[in-house]
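A.B. asks: Dropping in query10.cif, with mmCIF, C-alpha atoms.
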```cif
data_input
loop_
_atom_site.label_atom_id
_atom_site.label_comp_id
_atom_site.auth_asym_id
_atom_site.auth_seq_id
_atom_site.Cartn_x
_atom_site.Cartn_y
_atom_site.Cartn_z
CA MET A 103 0.00 0.00 0.00
CA CYS A 104 1.08 3.55 -0.75
CA ILE A 105 3.11 5.20 2.03
CA PHE A 106 0.84 8.26 2.07
CA CYS A 107 -2.28 6.06 2.25
CA ASN A 108 -0.66 4.31 5.23
CA ILE A 109 -0.01 7.67 6.88
CA ILE A 110 -3.61 8.77 6.20
CA ILE A 111 -5.11 5.68 7.86
CA GLY A 112 -2.71 6.00 10.79
CA LYS A 113 -0.64 2.89 10.11
CA ILE A 114 2.48 5.00 9.79
CA PRO A 115 2.96 7.84 12.29
CA CYS A 116 3.35 11.41 11.09
CA TYR A 117 3.53 14.97 12.37
CA LYS A 118 0.04 15.97 11.27
CA THR A 119 -0.60 19.68 10.87
CA PHE A 120 -4.07 19.67 9.31
CA GLU A 121 -6.91 17.35 8.42
CA ASP A 122 -10.45 17.71 7.13
CA ASP A 123 -12.79 15.27 5.39
CA ASP A 124 -10.83 15.28 2.15
CA VAL A 125 -7.28 16.45 2.78
CA MET A 126 -4.41 15.81 5.19
CA ALA A 127 -1.18 17.74 5.76
CA PHE A 128 1.92 16.60 7.62
CA LEU A 129 5.57 17.55 8.00
CA ASP A 130 8.10 16.17 5.53
CA ILE A 131 10.61 14.33 7.73
CA ASN A 132 13.43 15.32 5.37
CA PRO A 133 12.61 19.01 5.10
CA VAL A 134 14.18 21.54 2.76
CA SER A 135 13.50 23.98 5.62
CA HIS A 136 11.86 23.50 9.01
CA GLY A 137 8.09 23.31 8.66
CA HIS A 138 8.26 21.88 5.10
CA THR A 139 4.81 20.35 4.76
CA LEU A 140 3.16 17.88 2.38
CA VAL A 141 -0.52 18.29 1.53
CA VAL A 142 -2.33 15.23 0.14
CA PRO A 143 -5.87 14.19 -0.77
CA LYS A 144 -7.13 11.40 1.49
CA LYS A 145 -8.30 9.43 -1.54
CA HIS A 146 -5.50 7.86 -3.53
CA PHE A 147 -4.95 9.81 -6.73
CA THR A 148 -1.66 9.24 -8.49
CA ASN A 149 -1.19 12.55 -10.26
CA MET A 150 -2.84 15.56 -11.92
CA GLU A 151 -4.21 13.36 -14.70
CA ASP A 152 -5.91 11.15 -12.12
CA ILE A 153 -7.37 13.69 -9.67
CA THR A 154 -10.78 15.24 -10.36
CA GLU A 155 -11.23 19.00 -10.60
CA GLU A 156 -13.38 18.89 -7.48
CA GLU A 157 -10.74 17.07 -5.41
CA LEU A 158 -7.98 19.29 -6.80
CA SER A 159 -9.95 22.37 -5.70
CA LYS A 160 -10.25 20.98 -2.17
CA LEU A 161 -6.53 20.21 -2.14
CA ILE A 162 -5.38 23.65 -3.31
CA LYS A 163 -7.68 25.40 -0.80
CA ALA A 164 -6.08 23.34 1.97
CA VAL A 165 -2.63 24.34 0.64
CA LYS A 166 -3.58 27.99 1.03
CA LYS A 167 -4.86 27.48 4.55
CA VAL A 168 -1.84 25.48 5.74
CA ALA A 169 0.61 27.86 4.02
CA TYR A 170 -0.91 30.77 5.93
CA ALA A 171 -0.33 28.93 9.22
CA LEU A 172 3.22 27.96 8.20
CA LYS A 173 4.14 31.51 7.36
CA ASN A 174 2.64 33.04 10.47
CA GLY A 175 3.42 30.26 12.91
CA LEU A 176 7.06 29.97 11.88
CA GLY A 177 7.59 33.65 11.10
CA ALA A 178 8.68 32.84 7.53
CA ALA A 179 9.18 35.69 5.06
CA GLY A 180 7.53 33.68 2.28
CA TYR A 181 7.03 30.16 1.00
CA ASN A 182 7.11 28.03 -2.12
CA VAL A 183 4.32 25.71 -3.22
CA GLN A 184 5.63 22.87 -5.39
CA LEU A 185 4.22 19.82 -7.10
CA ASN A 186 6.19 17.32 -9.18
CA ASN A 187 3.88 15.50 -11.56
CA ASP A 188 5.00 12.03 -12.61
CA PRO A 189 8.36 10.31 -12.04
CA GLU A 190 10.15 12.21 -14.81
CA ALA A 191 9.48 15.39 -12.84
CA GLY A 192 10.90 13.91 -9.65
CA GLN A 193 7.61 12.67 -8.15
CA GLU A 194 8.84 10.02 -5.73
CA VAL A 195 5.55 8.93 -4.13
CA PRO A 196 2.79 8.07 -6.62
CA HIS A 197 0.10 9.81 -4.54
CA ILE A 198 -0.36 13.42 -5.63
CA HIS A 199 1.08 15.92 -3.13
CA PHE A 200 1.93 19.58 -2.84
CA HIS A 201 5.03 20.68 -0.94
CA ILE A 202 4.94 23.92 1.04
CA ILE A 203 8.43 25.16 1.86
CA PRO A 204 8.82 28.06 4.33
CA ARG A 205 11.45 30.56 3.22
CA ARG A 206 13.78 33.07 4.82
CA GLN A 207 15.35 36.09 3.16
CA GLY A 208 18.77 35.06 1.84
CA ASP A 209 18.41 31.32 2.49
CA GLY A 210 20.17 30.66 -0.81
CA LEU A 211 17.45 28.51 -2.43
CA LYS A 212 17.48 29.50 -6.09
CA ILE A 213 15.07 29.03 -8.97
CA TRP A 214 16.16 26.78 -11.81
CA LYS A 215 18.25 28.28 -14.57
CA GLN A 216 16.31 30.02 -17.32
CA THR A 217 17.15 29.99 -21.02
CA GLN A 218 15.83 31.69 -24.16
CA TYR A 219 13.89 30.57 -27.22
CA ASN A 220 15.50 30.72 -30.63
CA LYS A 221 13.69 32.85 -33.21
CA GLY A 222 10.33 31.32 -34.18
CA GLU A 223 10.56 28.57 -31.60
CA ILE A 224 8.12 30.05 -29.08
CA GLU A 225 5.32 30.27 -31.69
CA LYS A 226 5.74 26.57 -32.49
CA VAL A 227 5.62 25.62 -28.83
CA VAL A 228 2.50 27.65 -28.10
CA ASP A 229 0.71 26.07 -31.08
CA LYS A 230 1.61 22.55 -29.94
CA ILE A 231 0.16 23.21 -26.47
CA LYS A 232 -2.94 25.09 -27.62
CA GLY A 233 -3.72 22.34 -30.09
CA ARG A 234 -4.22 19.92 -27.20
CA ILE A 235 -6.44 22.06 -24.97
CA MET B 24 -0.93 50.01 -14.52
CA ASP B 25 2.67 49.05 -13.81
CA CYS B 26 2.24 45.31 -13.46
CA ILE B 27 3.68 43.43 -16.43
CA PHE B 28 1.21 40.56 -16.04
CA CYS B 29 -1.76 42.97 -15.97
CA LYS B 30 -0.45 44.46 -19.23
CA LEU B 31 -0.22 40.99 -20.79
CA ILE B 32 -3.76 40.15 -19.62
CA ALA B 33 -5.10 43.45 -21.02
CA GLY B 34 -3.30 42.85 -24.32
CA GLU B 35 -1.17 45.98 -23.88
CA LEU B 36 1.93 43.83 -24.18
CA PRO B 37 2.24 40.99 -26.68
CA GLY B 38 2.33 37.55 -25.13
CA HIS B 39 1.97 33.92 -26.08
CA LYS B 40 -1.32 32.93 -24.52
CA VAL B 41 -1.96 29.21 -24.18
CA TYR B 42 -5.19 29.18 -22.19
CA GLU B 43 -7.79 31.24 -20.36
CA ASN B 44 -10.93 30.65 -18.34
CA ASP B 45 -13.15 33.19 -16.60
CA LYS B 46 -10.72 33.89 -13.78
CA ALA B 47 -7.28 32.70 -14.92
CA MET B 48 -4.96 33.12 -17.89
CA ALA B 49 -1.81 31.30 -18.97
CA PHE B 50 1.03 32.31 -21.27
CA LEU B 51 4.52 31.12 -22.06
CA ASP B 52 7.44 32.42 -20.01
CA ILE B 53 9.80 34.08 -22.50
CA LEU B 54 12.78 33.03 -20.38
CA PRO B 55 11.87 29.37 -19.99
CA ILE B 56 13.47 26.81 -17.71
CA SER B 57 12.45 24.35 -20.44
CA PRO B 58 10.46 24.82 -23.69
CA GLY B 59 6.78 25.16 -22.89
CA HIS B 60 7.39 26.73 -19.44
CA THR B 61 4.03 28.36 -18.74
CA ILE B 62 2.93 31.04 -16.26
CA ILE B 63 -0.59 30.81 -14.83
CA VAL B 64 -2.09 34.00 -13.34
CA PRO B 65 -5.42 35.23 -11.98
CA LYS B 66 -6.94 37.84 -14.32
CA ASN B 67 -7.45 40.23 -11.43
CA HIS B 68 -4.35 41.84 -10.00
CA VAL B 69 -3.66 39.92 -6.81
CA ALA B 70 -0.22 40.27 -5.24
CA ASP B 71 0.09 37.00 -3.35
CA VAL B 72 -1.69 33.86 -2.19
CA GLU B 73 -2.95 35.58 0.97
CA ASN B 74 -4.98 37.99 -1.19
CA LEU B 75 -6.29 35.41 -3.63
CA ASN B 76 -9.88 34.25 -3.16
CA ASP B 77 -10.78 30.57 -3.31
CA ASP B 78 -12.55 30.88 -6.69
CA GLU B 79 -9.46 32.40 -8.29
CA LEU B 80 -7.15 29.85 -6.67
CA CYS B 81 -9.30 26.93 -7.85
CA ALA B 82 -9.55 28.39 -11.38
CA MET B 83 -5.74 28.53 -11.46
CA ALA B 84 -5.41 24.93 -10.25
CA ILE B 85 -7.89 23.71 -12.86
CA ALA B 86 -5.99 25.64 -15.54
CA ILE B 87 -2.78 23.87 -14.44
CA LYS B 88 -4.46 20.47 -14.76
CA LYS B 89 -5.67 21.26 -18.29
CA ILE B 90 -2.43 22.86 -19.45
CA GLY B 91 -0.32 20.10 -17.91
CA LYS B 92 -2.16 17.47 -19.93
CA ALA B 93 -1.80 19.55 -23.09
CA VAL B 94 1.90 20.12 -22.46
CA MET B 95 2.54 16.41 -22.04
CA GLU B 96 0.59 15.50 -25.17
CA GLY B 97 1.67 18.44 -27.29
CA LEU B 98 5.34 18.51 -26.39
CA GLY B 99 5.78 14.80 -25.80
CA VAL B 100 7.09 15.15 -22.25
CA LYS B 101 6.31 12.64 -19.53
CA GLY B 102 6.04 14.95 -16.54
CA TYR B 103 6.05 18.50 -15.29
CA SER B 104 6.78 20.47 -12.16
CA VAL B 105 4.51 23.16 -10.78
CA PHE B 106 5.68 25.85 -8.41
CA LEU B 107 4.55 29.09 -6.91
CA ASP B 108 6.93 31.49 -5.19
CA ASN B 109 5.05 33.51 -2.59
CA LYS B 110 6.79 36.77 -1.58
CA ASP B 111 10.19 38.20 -2.42
CA ALA B 112 12.03 35.92 0.04
CA ALA B 113 10.68 32.93 -1.90
CA ASN B 114 11.94 34.28 -5.28
CA GLN B 115 8.66 35.91 -6.37
CA HIS B 116 9.85 38.49 -8.89
CA VAL B 117 6.54 39.83 -10.23
CA PRO B 118 4.10 40.94 -7.52
CA HIS B 119 1.09 39.38 -9.28
CA VAL B 120 0.61 35.87 -7.92
CA HIS B 121 1.53 33.16 -10.45
CA PHE B 122 2.21 29.47 -10.83
CA HIS B 123 5.00 28.17 -13.06
CA LEU B 124 4.46 24.95 -14.99
CA VAL B 125 7.77 23.51 -16.19
CA PRO B 126 7.82 20.53 -18.60
CA ARG B 127 10.33 17.93 -17.43
CA LYS B 128 12.47 15.29 -19.06
CA GLU B 129 14.46 12.50 -17.47
CA GLY B 130 18.04 13.64 -17.01
CA ASP B 131 17.23 17.36 -17.35
CA ASN B 132 19.42 17.99 -14.29
CA LEU B 133 16.81 20.13 -12.56
CA ALA B 134 17.68 19.20 -9.02
CA ARG B 135 15.44 19.41 -5.99
CA TRP B 136 16.61 21.62 -3.18
CA PRO B 137 18.79 19.82 -0.63
CA GLN B 138 16.87 18.16 2.16
CA THR B 139 17.93 17.94 5.79
CA GLY B 140 16.49 16.34 8.92
CA TYR B 141 15.14 17.48 12.27
CA SER B 142 17.11 17.27 15.51
CA ASP B 143 15.31 15.88 18.57
CA GLY B 144 12.25 17.94 19.41
CA GLU B 145 12.52 20.30 16.44
CA ALA B 146 9.72 18.70 14.42
CA GLU B 147 7.39 18.80 17.45
CA GLU B 148 8.25 22.46 17.94
CA ALA B 149 7.53 23.36 14.29
CA LEU B 150 4.31 21.35 14.40
CA ALA B 151 3.02 23.16 17.51
CA LYS B 152 3.72 26.58 16.00
CA ILE B 153 1.87 25.70 12.78
CA ILE B 154 -1.12 24.08 14.49
CA GLU B 155 -1.54 27.12 16.74
CA LYS B 156 -2.18 29.28 13.66
CA LEU B 157 -4.69 26.80 12.23
CA GLN B 158 -7.02 27.02 15.23
#
```
Using structure tokens, write down the structure that the file contains.

C.D. replies:
Amino acid sequence: MCIFCNIIIGKIPCYKTFEDDDVMAFLDINPVSHGHTLVVPKKHFTNMEDITEEELSKLIKAVKKVAYALKNGLGAAGYNVQLNNDPEAGQEVPHIHFHIIPRRQGDGLKIWKQTQYNKGEIEKVVDKIKGRI
Amino acid sequence: MDCIFCKLIAGELPGHKVYENDKAMAFLDILPISPGHTIIVPKNHVADVENLNDDELCAMAIAIKKIGKAVMEGLGVKGYSVFLDNKDAANQHVPHVHFHLVPRKEGDNLARWPQTGYSDGEAEEALAKIIEKLQ
């Protein structure tokens, strides 16, 4: 059984910060910064393709609520919300989850390196994406 | 109107729009981490998550779900990362709340931030401080 499902049913202990009928949040035991929290739906959904719009809405509202408490409770200057969708993106547990990472000014955590499009490339990319929506 | 995202939404600046619904809009980042890197914004000017209402937040999340599927199918990638940087300290560079959606490929060398552990009692302490604010 999925490790997050085991945490949700109480078979594996966790540091639970929040729970309602649909969502649970608990501390990541290997935090990027103290208070780093994972927010998961109680039902097992693998990824963004799998979760319904209704459940996703409940999940993101819980993220907002927990993030507010993280920021104010820990006195953080800001936070990051992150989700890695599918193994190629670094999703390590196949149960959809958002990370909330409290941040401090000057903590040295940088965004990934940005590049540029070659001439004409951006138009091709936008067409490929729009064509699938 | 000084906000660059508001200008893009209003059409005062040219952009590469990929999607919009009643409350959210998405366009390509012109300095992409990977091709197809998309920015998702609420149409109203909202500085940060604290000022975003639930309808706008949910519209953004639903946009991410739709765009993510289209990115995977259209660009032939097998995954994507989503992130939101809330406040300057968290690397938010435009004060109009936005999600990034970054298409990912195996071996793209985009590393997660280093993880640490908690010393004895530290996790309990963090937990108590967070829970107090959720009451």

A.B. asks: Per residue of segment 30-127 of chain B within 12 Å of segment 131-137 of chain B, what are the shortest atom pair and its distance in Å to one decimal, counting only C-alpha atoms, with rows by chain and residue number, as CSV?

C.D. replies:
```
residue,atom,partner,partner_atom,distance
B:Ile56,CA,B:Leu133,CA,9.1
B:Ser57,CA,B:Asp131,CA,9.0
B:Pro58,CA,B:Asp131,CA,11.9
B:Val100,CA,B:Asp131,CA,11.5
B:Gly102,CA,B:Asp131,CA,11.5
B:Tyr103,CA,B:Leu133,CA,11.2
B:Ser104,CA,B:Leu133,CA,10.0
B:Phe106,CA,B:Arg135,CA,11.9
B:Val125,CA,B:Leu133,CA,10.3
B:Pro126,CA,B:Asp131,CA,10.0
B:Arg127,CA,B:Asp131,CA,6.9
```

A.B. asks: Could you give me, as CSV, every chain A residue with an atom at most 6 Å from chain B, plus its closest atom pair and distance in Å to one decimal, counting all atoms listed in the file, rows ordered by chain then number?

C.D. replies:
```
residue,atom,partner,partner_atom,distance
A:Thr119,CA,B:Ile154,CA,5.7
A:Asn132,CA,B:Gly140,CA,4.8
A:Pro133,CA,B:Gln138,CA,5.2
A:Val134,CA,B:Gln138,CA,4.4
A:Gly137,CA,B:Ala149,CA,5.7
A:Met150,CA,B:Lys88,CA,5.9
A:Ser159,CA,B:Cys81,CA,5.1
A:Ala171,CA,B:Lys156,CA,4.8
A:Leu172,CA,B:Ile153,CA,5.3
A:Gly175,CA,B:Lys152,CA,4.8
A:Ala179,CA,B:Ala112,CA,5.8
A:Gly180,CA,B:Lys110,CA,5.0
A:Tyr181,CA,B:Asn109,CA,5.3
A:Asn182,CA,B:Asp108,CA,4.6
A:Val183,CA,B:Leu107,CA,5.0
A:Gln184,CA,B:Phe106,CA,4.2
A:Leu185,CA,B:Val105,CA,5.0
A:Asn186,CA,B:Ser104,CA,4.4
A:Asn187,CA,B:Tyr103,CA,5.3
A:Asp188,CA,B:Gly102,CA,5.0
A:Glu190,CA,B:Glu129,CA,5.1
A:Ala191,CA,B:Gly102,CA,5.1
A:Arg205,CA,B:Ala113,CA,5.7
A:Arg206,CA,B:Ala112,CA,5.8
A:Gln207,CA,B:Ala112,CA,4.6
A:Lys215,CA,B:Ile56,CA,5.9
A:Gln216,CA,B:Ile56,CA,4.3
A:Thr217,CA,B:Leu54,CA,5.4
A:Gln218,CA,B:Leu54,CA,5.0
A:Lys230,CA,B:Gly97,CA,4.9
A:Ile231,CA,B:Gly97,CA,5.1
A:Lys232,CA,B:Val41,CA,5.5
A:Arg234,CA,B:Ala93,CA,4.8
A:Ile235,CA,B:Ala93,CA,5.6
```

A.B. asks: Between atom CA of Ile213 of chain A and atom CA of Val64 of chain B, what is the distance in Å, rounded to a tenth?

C.D. replies: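 Separation of atom CA of Ile213 of chain A and atom CA of Val64 of chain B: 18.4 Å.
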
A.B. asks: Please indicate the distance in Å from atom CA of Glu194 of chain A to atom CA of Ala178 of chain A, rounded to one decimal place.

C.D. replies: 26.4 Å

A.B. asks: Give me the residues within 12 Å of Ile110 of chain A as number ranges by chain, counting all atoms listed in the file and dropping any in the same chain fewer than 4 places off.

C.D. replies: A: 103-106, 114-118, 120-128, 140-146, 197

A.B. asks: For those residues, write C-alpha atoms to a file as an mmCIF file, in the frame of the given file.

C.D. replies:
```cif
data_model
loop_
_atom_site.group_PDB
_atom_site.id
_atom_site.type_symbol
_atom_site.label_atom_id
_atom_site.label_comp_id
_atom_site.auth_asym_id
_atom_site.auth_seq_id
_atom_site.Cartn_x
_atom_site.Cartn_y
_atom_site.Cartn_z
ATOM 1 C CA MET A 103 0.000 0.000 0.000
ATOM 2 C CA CYS A 104 1.080 3.550 -0.750
ATOM 3 C CA ILE A 105 3.110 5.200 2.030
ATOM 4 C CA PHE A 106 0.840 8.260 2.070
ATOM 5 C CA ILE A 114 2.480 5.000 9.790
ATOM 6 C CA PRO A 115 2.960 7.840 12.290
ATOM 7 C CA CYS A 116 3.350 11.410 11.090
ATOM 8 C CA TYR A 117 3.530 14.970 12.370
ATOM 9 C CA LYS A 118 0.040 15.970 11.270
ATOM 10 C CA PHE A 120 -4.070 19.670 9.310
ATOM 11 C CA GLU A 121 -6.910 17.350 8.420
ATOM 12 C CA ASP A 122 -10.450 17.710 7.130
ATOM 13 C CA ASP A 123 -12.790 15.270 5.390
ATOM 14 C CA ASP A 124 -10.830 15.280 2.150
ATOM 15 C CA VAL A 125 -7.280 16.450 2.780
ATOM 16 C CA MET A 126 -4.410 15.810 5.190
ATOM 17 C CA ALA A 127 -1.180 17.740 5.760
ATOM 18 C CA PHE A 128 1.920 16.600 7.620
ATOM 19 C CA LEU A 140 3.160 17.880 2.380
ATOM 20 C CA VAL A 141 -0.520 18.290 1.530
ATOM 21 C CA VAL A 142 -2.330 15.230 0.140
ATOM 22 C CA PRO A 143 -5.870 14.190 -0.770
ATOM 23 C CA LYS A 144 -7.130 11.400 1.490
ATOM 24 C CA LYS A 145 -8.300 9.430 -1.540
ATOM 25 C CA HIS A 146 -5.500 7.860 -3.530
ATOM 26 C CA HIS A 197 0.100 9.810 -4.540
#
```

A.B. asks: Each side padded by 6 Å, which centre and which edge lengths in Å (one decimal) define the axis-aligned box around the listed atoms of segment 124-128 of chain B? Give them as JSON.

C.D. replies:
```
{"center_x": 8.5, "center_y": 20.1, "center_z": -17.0, "size_x": 20.0, "size_y": 21.7, "size_z": 16.1}
```

A.B. asks: Hey, can you check how far atom CA of Asp152 of chain A sits from atom CA of Ile202 of chain A?

C.D. replies: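 Atom-to-atom, atom CA of Asp152 of chain A and atom CA of Ile202 of chain A are spaced 21.3 Å apart.
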
A.B. asks: Name the residues that the PyMOL selection byres ((chain B and resi 32) around 10) picks from the file above, as a PyMOL selection string, using the file's chain letters and numbers.

C.D. replies: chain B and resi 27-31+33-38+40+43+47-50+64-68
